[in-house]
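Data from query.txt: compact mmCIF, C-alpha atoms
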# COMPACT_ATOMS: atom_id res chain seq x y z
CA MET K 287 43.60 20.67 -10.22
CA ARG K 288 43.06 22.14 -6.74
CA PHE K 289 39.93 21.49 -4.65
CA LYS K 290 39.70 24.02 -1.81
CA GLY K 291 43.44 23.94 -1.15
CA LEU K 292 43.83 20.19 -1.61
CA THR K 293 44.35 18.10 -4.66
CA LYS K 294 41.19 16.33 -5.73
CA GLY K 295 42.83 12.92 -5.48
CA PHE K 296 43.96 13.52 -1.89
CA PHE K 297 40.50 14.73 -0.94
CA ILE K 298 38.96 11.53 -2.35
CA PHE K 299 41.54 9.54 -0.35
CA ILE K 300 40.48 11.33 2.86
CA LEU K 301 36.82 10.82 1.94
CA LEU K 302 37.35 7.06 1.57
CA ILE K 303 39.14 6.83 4.92
CA VAL K 304 36.44 8.81 6.74
CA THR K 305 33.68 6.77 5.08
CA ALA K 306 35.36 3.46 6.03
CA ALA K 307 35.82 4.69 9.60
CA PHE K 308 32.18 5.79 9.76
CA PHE K 309 30.89 2.38 8.67
CA ASN K 310 33.31 0.70 11.06
CA VAL K 311 31.82 2.72 13.94
CA LEU K 312 28.33 1.60 12.89
CA SER K 313 29.33 -2.07 12.44
CA PRO K 314 28.17 -3.28 15.90
CA TYR K 315 24.65 -2.10 15.08
CA TYR K 316 24.25 -3.14 11.45
CA SER K 317 21.39 -5.45 12.37
CA ALA K 318 19.56 -2.73 14.30
CA ILE K 319 19.98 -0.27 11.42
CA LEU K 320 18.89 -2.84 8.83
CA TRP K 321 15.71 -3.82 10.67
CA ALA K 322 14.85 -0.23 11.51
CA ALA K 323 15.06 0.63 7.80
CA ILE K 324 13.03 -2.43 6.75
CA LEU K 325 10.30 -1.83 9.33
CA ALA K 326 10.15 1.84 8.33
CA VAL K 327 9.63 0.83 4.70
CA ILE K 328 6.94 -1.72 5.59
CA PHE K 329 4.96 0.50 7.97
CA HIS K 330 5.35 3.84 6.18
CA PRO K 331 1.91 3.53 4.48
CA LEU K 332 0.36 2.95 7.91
CA LYS K 333 2.08 6.06 9.24
CA LEU K 334 0.64 8.10 6.36
CA GLN K 335 -2.88 6.94 7.19
CA ILE K 336 -2.43 7.80 10.87
CA ARG K 337 -0.91 11.14 9.94
CA GLN K 338 -3.95 12.06 7.86
CA LYS K 339 -6.29 11.22 10.74
CA LEU K 340 -4.21 13.27 13.19
CA GLY K 341 -4.29 16.43 11.12
CA ASP K 342 -0.84 16.13 9.52
CA LYS K 343 1.01 15.77 12.86
CA ASN K 344 4.02 13.83 11.61
CA GLY K 345 5.83 13.28 14.91
CA LEU K 346 2.74 12.08 16.74
CA ALA K 347 1.81 9.79 13.84
CA SER K 348 5.32 8.28 13.90
CA LEU K 349 5.04 7.67 17.65
CA PHE K 350 1.64 5.97 17.28
CA THR K 351 3.01 3.85 14.43
CA LEU K 352 5.93 2.77 16.60
CA LEU K 353 3.53 1.77 19.39
CA ILE K 354 1.43 -0.23 16.91
CA ILE K 355 4.56 -2.01 15.65
CA CYS K 356 5.43 -2.96 19.23
CA LEU K 357 1.90 -4.24 19.83
CA ILE K 358 1.49 -6.32 16.67
CA VAL K 359 5.09 -7.50 16.23
CA PHE K 360 7.15 -7.52 19.41
CA THR K 361 4.48 -8.23 22.04
CA PRO K 362 3.23 -11.47 20.38
CA LEU K 363 6.86 -12.47 19.80
CA ALA K 364 7.64 -12.00 23.49
CA LEU K 365 4.59 -14.06 24.48
CA VAL K 366 5.58 -16.88 22.14
CA MET K 367 9.15 -16.86 23.44
CA SER K 368 7.96 -17.07 27.06
CA SER K 369 5.64 -19.98 26.14
CA LEU K 370 8.51 -21.72 24.40
CA ALA K 371 10.75 -21.27 27.45
CA PHE K 372 8.03 -22.78 29.67
CA GLU K 373 7.46 -25.77 27.36
CA ALA K 374 11.19 -26.38 26.93
CA ASN K 375 11.51 -26.38 30.72
CA VAL K 376 8.68 -28.91 31.02
CA VAL K 377 10.30 -31.23 28.46
CA TYR K 378 13.67 -30.88 30.22
CA ALA K 379 12.10 -31.66 33.62
CA LYS K 380 10.47 -34.81 32.22
CA LEU K 381 13.79 -35.95 30.82
CA GLN K 382 15.51 -35.33 34.15
CA THR K 383 12.86 -37.26 36.14
CA ASN K 384 12.65 -39.99 33.50
CA ASN K 385 8.94 -39.18 33.16
CA THR K 386 8.92 -39.94 29.46
CA GLN K 387 8.68 -42.89 27.13
CA PHE K 388 12.36 -42.46 26.35
CA PRO K 389 13.51 -46.02 27.25
CA VAL K 390 10.67 -47.62 25.27
CA ILE K 391 11.26 -45.34 22.28
CA VAL K 392 15.00 -46.00 22.20
CA SER K 393 14.55 -49.74 22.61
CA ASP K 394 12.08 -49.86 19.72
CA LEU K 395 14.36 -47.76 17.51
CA ILE K 396 17.41 -49.91 18.28
CA HIS K 397 15.39 -53.06 17.63
CA HIS K 398 14.43 -51.83 14.15
CA LEU K 399 17.97 -50.84 13.20
CA PRO K 400 20.02 -53.08 10.88
CA ARG K 401 22.60 -55.40 12.45
CA TRP K 402 25.62 -53.31 11.44
CA ALA K 403 24.10 -50.23 13.06
CA ARG K 404 23.39 -52.10 16.32
CA HIS K 405 26.95 -53.43 16.29
CA LEU K 406 28.32 -49.90 15.81
CA LEU K 407 26.24 -48.60 18.75
CA ALA K 408 27.42 -51.50 20.92
CA GLN K 409 31.05 -50.61 20.24
CA HIS K 410 30.40 -47.14 21.69
CA ASN K 411 28.26 -48.43 24.59
CA LEU K 412 25.10 -46.91 23.11
CA ASP K 413 23.04 -50.03 22.52
CA THR K 414 20.68 -49.64 25.51
CA ALA K 415 18.34 -46.87 26.59
CA ALA K 416 20.02 -46.59 30.00
CA GLU K 417 23.45 -46.06 28.48
CA ILE K 418 22.15 -43.47 26.02
CA GLN K 419 20.33 -41.61 28.78
CA GLN K 420 23.49 -41.66 30.92
CA LYS K 421 25.47 -40.16 28.03
CA MET K 422 22.81 -37.49 27.53
CA SER K 423 22.84 -36.65 31.25
CA GLY K 424 26.60 -36.25 31.06
CA LEU K 425 26.27 -33.90 28.11
CA VAL K 426 23.60 -31.88 29.92
CA LEU K 427 25.87 -31.63 32.97
CA GLN K 428 28.80 -30.48 30.85
CA GLY K 429 26.55 -27.95 29.12
CA GLY K 430 25.37 -26.65 32.46
CA GLN K 431 28.95 -26.29 33.68
CA TYR K 432 29.86 -24.46 30.48
CA LEU K 433 26.90 -22.10 30.85
CA ALA K 434 27.75 -21.51 34.51
CA GLY K 435 31.28 -20.55 33.50
CA SER K 436 29.99 -18.29 30.76
CA VAL K 437 27.59 -16.19 32.84
CA PHE K 438 29.56 -13.05 32.10
CA LEU K 439 29.51 -13.71 28.35
CA ILE K 440 25.79 -14.47 28.43
CA GLY K 441 25.12 -11.32 30.42
CA ARG K 442 27.16 -9.25 28.03
CA GLY K 443 25.33 -10.79 25.06
CA THR K 444 21.97 -10.05 26.67
CA PHE K 445 23.01 -6.46 27.34
CA SER K 446 24.16 -6.08 23.72
CA PHE K 447 20.84 -7.48 22.46
CA VAL K 448 18.80 -5.13 24.66
CA LEU K 449 20.97 -2.19 23.60
CA SER K 450 20.61 -3.07 19.90
CA PHE K 451 16.87 -3.48 20.31
CA GLY K 452 16.60 -0.07 21.96
CA ILE K 453 18.70 1.53 19.20
CA MET K 454 16.48 -0.10 16.57
CA LEU K 455 13.31 1.34 18.14
CA TYR K 456 14.92 4.75 18.56
CA LEU K 457 16.14 4.78 14.96
CA LEU K 458 12.83 3.40 13.70
CA PHE K 459 10.97 6.36 15.17
CA PHE K 460 13.19 8.88 13.38
CA LEU K 461 13.08 6.93 10.11
CA LEU K 462 9.28 6.98 10.25
CA LYS K 463 9.33 10.67 11.09
CA ASP K 464 12.15 11.90 8.81
CA GLY K 465 12.60 8.99 6.39
CA ALA K 466 11.37 10.81 3.29
CA TYR K 467 13.68 13.75 3.99
CA LEU K 468 16.70 11.48 4.61
CA VAL K 469 16.02 9.50 1.44
CA GLY K 470 15.89 12.76 -0.48
CA LEU K 471 19.29 13.78 0.90
CA ILE K 472 20.80 10.41 -0.02
CA LEU K 473 19.39 10.53 -3.53
CA GLU K 474 20.70 14.07 -4.05
CA GLY K 475 24.19 12.97 -3.02
CA LEU K 476 24.39 9.99 -5.38
CA PRO K 477 26.11 10.77 -8.71
CA LEU K 478 23.50 8.93 -10.77
CA SER K 479 20.66 9.94 -13.03
CA THR K 480 17.28 10.48 -11.38
CA TYR K 481 15.53 7.47 -12.89
CA VAL K 482 18.41 5.13 -11.92
CA LYS K 483 18.34 6.35 -8.31
CA HIS K 484 14.56 5.99 -8.15
CA HIS K 485 14.67 2.52 -9.66
CA LEU K 486 17.32 1.21 -7.23
CA PHE K 487 15.54 2.68 -4.21
CA MET K 488 12.21 1.19 -5.27
CA LYS K 489 13.90 -2.17 -5.83
CA PHE K 490 15.34 -2.04 -2.31
CA ALA K 491 11.94 -1.15 -0.83
CA ALA K 492 10.00 -3.77 -2.83
CA VAL K 493 12.41 -6.64 -2.14
CA SER K 494 12.73 -5.80 1.57
CA ARG K 495 8.97 -5.55 1.98
CA ALA K 496 8.19 -8.69 -0.01
CA THR K 497 10.93 -10.81 1.58
CA VAL K 498 10.07 -9.93 5.17
CA LYS K 499 6.28 -9.99 4.84
CA GLY K 500 6.25 -13.12 2.67
CA THR K 501 8.76 -15.04 4.77
CA VAL K 502 7.06 -14.13 8.05
CA VAL K 503 3.61 -15.15 6.76
CA VAL K 504 4.95 -18.47 5.43
CA ALA K 505 6.83 -19.10 8.70
CA ILE K 506 3.75 -18.42 10.85
CA VAL K 507 1.50 -20.64 8.70
CA GLN K 508 4.01 -23.50 8.55
CA GLY K 509 4.78 -23.31 12.25
CA PHE K 510 1.10 -23.21 13.23
CA LEU K 511 0.10 -26.10 10.96
CA GLY K 512 3.19 -28.11 11.88
CA GLY K 513 2.50 -27.65 15.60
CA LEU K 514 -1.10 -28.80 15.09
CA ALA K 515 0.09 -31.91 13.22
CA PHE K 516 2.49 -32.78 16.04
CA TYR K 517 -0.24 -32.19 18.63
CA PHE K 518 -2.76 -34.48 16.88
CA THR K 519 -0.16 -37.23 16.48
CA GLY K 520 0.58 -37.13 20.22
CA LEU K 521 4.17 -35.91 19.99
CA GLU K 522 5.33 -33.97 23.05
CA GLY K 523 6.41 -30.35 22.77
CA SER K 524 4.18 -29.46 19.82
CA LEU K 525 4.55 -25.72 20.48
CA LEU K 526 8.32 -26.05 20.70
CA TRP K 527 8.59 -28.05 17.47
CA GLY K 528 6.11 -25.76 15.70
CA ALA K 529 8.21 -22.73 16.60
CA LEU K 530 11.36 -24.51 15.43
CA MET K 531 9.67 -25.33 12.11
CA ALA K 532 8.60 -21.69 11.76
CA PHE K 533 12.20 -20.60 12.28
CA LEU K 534 13.62 -23.21 9.89
CA SER K 535 11.05 -22.29 7.24
CA LEU K 536 13.24 -19.23 6.59
CA VAL K 537 15.18 -21.68 4.43
CA PRO K 538 12.94 -22.30 1.39
CA ALA K 539 12.03 -25.83 0.28
CA VAL K 540 13.93 -27.81 2.96
CA GLY K 541 13.48 -25.90 6.24
CA SER K 542 10.65 -27.61 8.16
CA ALA K 543 11.63 -31.06 6.82
CA ILE K 544 14.59 -31.01 9.23
CA VAL K 545 12.03 -31.41 12.04
CA TRP K 546 9.19 -33.48 10.64
CA VAL K 547 11.22 -36.13 8.77
CA PRO K 548 12.91 -37.46 11.95
CA ALA K 549 9.52 -37.35 13.70
CA ALA K 550 7.95 -39.43 10.91
CA VAL K 551 10.86 -41.91 11.06
CA TYR K 552 10.33 -42.24 14.81
CA LEU K 553 6.59 -42.91 14.36
CA PHE K 554 7.23 -45.60 11.74
CA ALA K 555 10.01 -47.17 13.81
CA THR K 556 7.73 -47.44 16.85
CA ASP K 557 4.95 -49.14 14.85
CA MET K 558 2.70 -46.06 14.80
CA VAL K 559 2.20 -46.47 11.07
CA TRP K 560 -1.05 -44.56 10.74
CA LYS K 561 0.29 -41.56 12.62
CA GLY K 562 3.50 -41.64 10.61
CA THR K 563 1.56 -41.87 7.35
CA PHE K 564 -0.66 -38.95 8.40
CA LEU K 565 2.39 -36.86 9.31
CA VAL K 566 4.11 -37.53 5.98
CA LEU K 567 1.00 -36.85 3.90
CA PHE K 568 0.17 -33.73 5.90
CA PHE K 569 3.60 -32.17 5.48
CA VAL K 570 4.12 -33.23 1.88
CA VAL K 571 0.67 -32.10 0.73
CA VAL K 572 -0.48 -29.30 3.05
CA ILE K 573 2.83 -27.75 4.10
CA GLY K 574 4.18 -28.34 0.60
CA LEU K 575 1.27 -26.39 -0.88
CA VAL K 576 1.85 -23.57 1.61
CA ASP K 577 5.51 -23.31 0.65
CA ASN K 578 4.98 -23.73 -3.09
CA ILE K 579 1.97 -21.41 -3.37
CA LEU K 580 2.35 -18.73 -0.70
CA ARG K 581 6.10 -18.19 -1.00
CA PRO K 582 6.17 -17.50 -4.78
CA LEU K 583 2.98 -15.45 -4.43
CA LEU K 584 4.26 -13.30 -1.57
CA VAL K 585 8.01 -13.24 -2.28
CA GLY K 586 8.76 -14.16 -5.87
CA LYS K 587 6.00 -12.04 -7.41
CA ASP K 588 7.17 -8.74 -5.92
CA THR K 589 10.90 -9.44 -6.10
CA ARG K 590 10.53 -10.54 -9.74
CA MET K 591 13.14 -13.25 -9.26
CA PRO K 592 12.90 -16.99 -9.97
CA ASP K 593 12.42 -19.38 -7.04
CA PHE K 594 15.81 -21.06 -7.48
CA LEU K 595 17.61 -17.71 -7.23
CA ILE K 596 15.67 -16.80 -4.06
CA LEU K 597 16.63 -20.20 -2.58
CA ILE K 598 20.34 -19.89 -3.40
CA THR K 599 20.66 -16.28 -2.29
CA THR K 600 18.72 -16.97 0.93
CA LEU K 601 21.02 -19.86 1.84
CA GLY K 602 24.12 -17.90 0.87
CA GLY K 603 22.95 -14.82 2.75
CA MET K 604 22.26 -16.80 5.93
CA GLU K 605 25.64 -18.51 5.65
CA ILE K 606 27.43 -15.15 5.53
CA TYR K 607 25.18 -12.77 7.49
CA GLY K 608 23.37 -15.12 9.86
CA ILE K 609 19.64 -14.68 10.45
CA ASN K 610 19.68 -11.31 8.66
CA GLY K 611 20.80 -13.09 5.50
CA PHE K 612 17.28 -14.18 4.56
CA VAL K 613 16.68 -10.52 3.69
CA ILE K 614 20.18 -9.43 2.68
CA GLY K 615 20.75 -12.33 0.25
CA PRO K 616 17.70 -11.77 -1.99
CA LEU K 617 18.19 -8.00 -1.67
CA ILE K 618 21.74 -8.19 -3.03
CA ALA K 619 20.55 -10.45 -5.84
CA ALA K 620 17.74 -8.06 -6.77
CA LEU K 621 20.06 -5.04 -6.82
CA PHE K 622 22.60 -7.05 -8.84
CA ILE K 623 19.98 -7.86 -11.49
CA ALA K 624 18.67 -4.29 -11.49
CA CYS K 625 22.14 -2.80 -11.99
CA TRP K 626 22.99 -5.11 -14.87
CA ASN K 627 19.62 -4.51 -16.51
CA LEU K 628 20.25 -0.76 -16.30
CA LEU K 629 23.74 -1.15 -17.72
CA SER K 630 22.56 -3.33 -20.61
CA GLY K 631 19.70 -0.98 -21.44
CA ARG K 632 17.00 -3.54 -20.73
CA ASP K 633 15.71 -1.21 -18.02
CA ASN K 634 15.50 2.41 -19.09
CA ARG K 635 13.61 5.57 -18.26
CA ALA K 636 10.47 4.22 -19.92
CA ASN K 637 10.05 1.04 -17.86
CA VAL K 638 11.73 1.51 -14.47
CA ASP K 639 9.92 2.07 -11.17
CA GLU K 640 9.71 5.59 -9.79
CA ILE K 641 9.28 6.80 -6.23
CA ASP K 642 5.75 7.85 -5.36
CA GLU K 643 5.19 11.58 -5.70
CA ALA K 644 3.57 11.75 -2.25
CA PHE K 645 6.77 10.38 -0.69
CA ILE K 646 8.88 12.97 -2.52
CA GLU K 647 6.54 15.78 -1.44
CA GLU K 648 6.72 14.58 2.16
CA GLY K 649 10.50 14.98 2.02
CA LYS K 650 10.25 18.43 0.43
CA ASN K 651 7.80 19.62 3.08
CA HIS K 652 10.13 18.62 5.92
CA PRO K 653 10.94 21.51 8.37
CA GLU K 654 14.66 21.22 7.57
CA VAL K 655 14.08 22.07 3.90

As structure tokens - that is how I would like this structure written.
Amino acid sequence: MRFKGLTKGFFIFILLIVTAAFFNVLSPYYSAILWAAILAVIFHPLKLQIRQKLGDKNGLASLFTLLIICLIVFTPLALVMSSLAFEANVVYAKLQTNNTQFPVIVSDLIHHLPRWARHLLAQHNLDTAAEIQQKMSGLVLQGGQYLAGSVFLIGRGTFSFVLSFGIMLYLLFFLLKDGAYLVGLILEGLPLSTYVKHHLFMKFAAVSRATVKGTVVVAIVQGFLGGLAFYFTGLEGSLLWGALMAFLSLVPAVGSAIVWVPAAVYLFATDMVWKGTFLVLFFVVVIGLVDNILRPLLVGKDTRMPDFLILITTLGGMEIYGINGFVIGPLIAALFIACWNLLSGRDNRANVDEIDEAFIEEGKNHPEV
């Protein structure tokens, strides 16, 4: 059978090559495209409200929405990052000038270690605070030399990050403005029934929205409470450790424990029993309740997936895709379940999610139609 002068099989072969090449061209900016799409999904209802107040001016509403996203998302993030850089610099300066309780802390920790552990440290010349600090200074010096020799790589990485960030904002504006129209084009091109296409798109939107919003809320709450706990127990760098706990809370169940467990061990080892007990109880009870109540409520409820599957897919996604994996992992799992439910007949036309009619009408009323 001929297809416009070519055999159908050869045309499909060309189509596959062109499609693979197209995605290969986009590969450096997958993260920018992913986050632009996710932010467009999350803030699309806000854009609709602004659009109604501006007299149906879609482009202006999209621009205002983009400015609001920058104000409520990126500006606070930049302020926190600058504060973290300042606090990290203060902690580093104290270590360099020996203006810390480092010798006392290390001596107390070594004193409380079992005999075999002290013997092992002595074999590697790490049984005194002075020797440990000398080793750390050597590592810092080597790290500084490595960074000095990698200025070009760091500069190139910074340029790539700024470029990706600019592409994300640029793409986000057009997804807010023309997203409904583009979704309509994609759905028309897919060789699937209407209810299947609607169901898969709604699953993508729901899981993306729930994962990002839920994870960010849990991270902010855990980081804020964890930083307060460190501050009240007198541990230095409470803002720094709180931010680290917020970042590690992306990993469900075990994330923030990577920070607070060593801190509790240090407090107990240095005879600050009451502070150590407070820290353990606070994180086990308060932070545990935050993780076990807020995360299923904000993430598991909308994704309609069990907690253990969210945990496994989040870890697997971050292992493969890096930081973006906390969204990609659960998203792949949700689409996997949705596809198999459709194939088995468990999900059918009567019980699948459909795209909102207002969204469809917005795409049909686009100037390009």

Margin query: So that I can check the surroundings of stretch 544-550 of chain K, please list as a PyMOL selection string every protein, DNA and RNA residue that reaches within 7 Å of it, counting only C-alpha atoms and ignoring chain neighbours fewer than 4 positions away.
Written below: chain K and resi 531+554+562+565-566

Check: When you draw a straight line from atom CA of K:Ile506 to atom CA of K:Gly528, how long is it in Å?
Finding: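 Going from atom CA of K:Ile506 over to atom CA of K:Gly528 covers 9.1 Å.
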
Next item on the list: Measure the distance from atom CA of K:Val503 to atom CA of K:Phe490 in Å and round it to one decimal.
Entry: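 Distance reported for this atom pair: 19.8 Å.
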
Item checked: Å distance separating atom CA of K:Leu525 from atom CA of K:Ser542, one decimal place -> 13.9 Å

Checklist line | Residue with smallest distance to K:Leu511 - pool K:Leu449, K:Val576, K:Ser494, K:Trp560, counting all atoms listed in the file | finding: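 The shortest atom-to-atom distance to K:Leu511 comes from K:Val576.
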
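Among the candidate residues K:Ser317, K:Asn634, K:Ser535, K:Thr501, the one lying nearest to K:Lys483 is K:Asn634, with distances computed using all atoms listed in the file.
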
Per residue of stretch 461-511 of chain K within 10 Å of stretch 595-617 of chain K, record the nearest atom pair and its distance in Å to one decimal, counting only C-alpha atoms, with rows in chain order and ascending residue number, as CSV.
residue,atom,partner,partner_atom,distance
K:Lys489,CA,K:Leu617,CA,8.3
K:Phe490,CA,K:Leu617,CA,6.6
K:Ala491,CA,K:Leu617,CA,9.3
K:Ala492,CA,K:Leu617,CA,9.3
K:Val493,CA,K:Leu617,CA,6.0
K:Ser494,CA,K:Val613,CA,6.5
K:Arg495,CA,K:Val613,CA,9.3
K:Ala496,CA,K:Val613,CA,9.4
K:Thr497,CA,K:Val613,CA,6.1
K:Val498,CA,K:Val613,CA,6.8
K:Thr501,CA,K:Phe612,CA,8.6

Checklist line | Pick from K:Phe451, K:Tyr481, K:Phe299, K:Phe350 nearest to K:Leu628, counting only C-alpha atoms | finding: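 Checking each of K:Phe451, K:Tyr481, K:Phe299, K:Phe350 against K:Leu628, counting only C-alpha atoms, the winner is K:Tyr481.
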
Next item on the list: Tell me, as number ranges by chain, which residues lie within 8 Å of K:Ala347, counting only C-alpha atoms; anything in the same chain fewer than 6 positions away does not count.
Entry: K: 333-334, 336-337, 340

Next item on the list: Could you pull out every residue with an atom within 9 Å of (11.5, 2.2, 18.6), file coordinates, counting all atoms listed in the file, and send them as a PyMOL selection string?
Entry: chain K and resi 322+349+352-353+355-356+451-460

Exercise on stretch 599-605 of chain K, axis-aligned box with 6 Å per side, report centre and edge lengths in Å to one decimal, as lines of an AutoDock Vina configuration file:
center_x = 22.2
center_y = -17.3
center_z = 1.8
size_x = 18.9
size_y = 17.0
size_z = 20.2

Note to self: I'd like the neighbourhood of K:Ser524 as number ranges by chain, where a residue qualifies if any of its atoms comes within 12 Å (using only C-alpha atoms), though same-chain residues fewer than 2 positions away should be ignored.
What the structure shows: K: 369-370, 373-374, 377, 509-522, 526-531, 545-546, 549
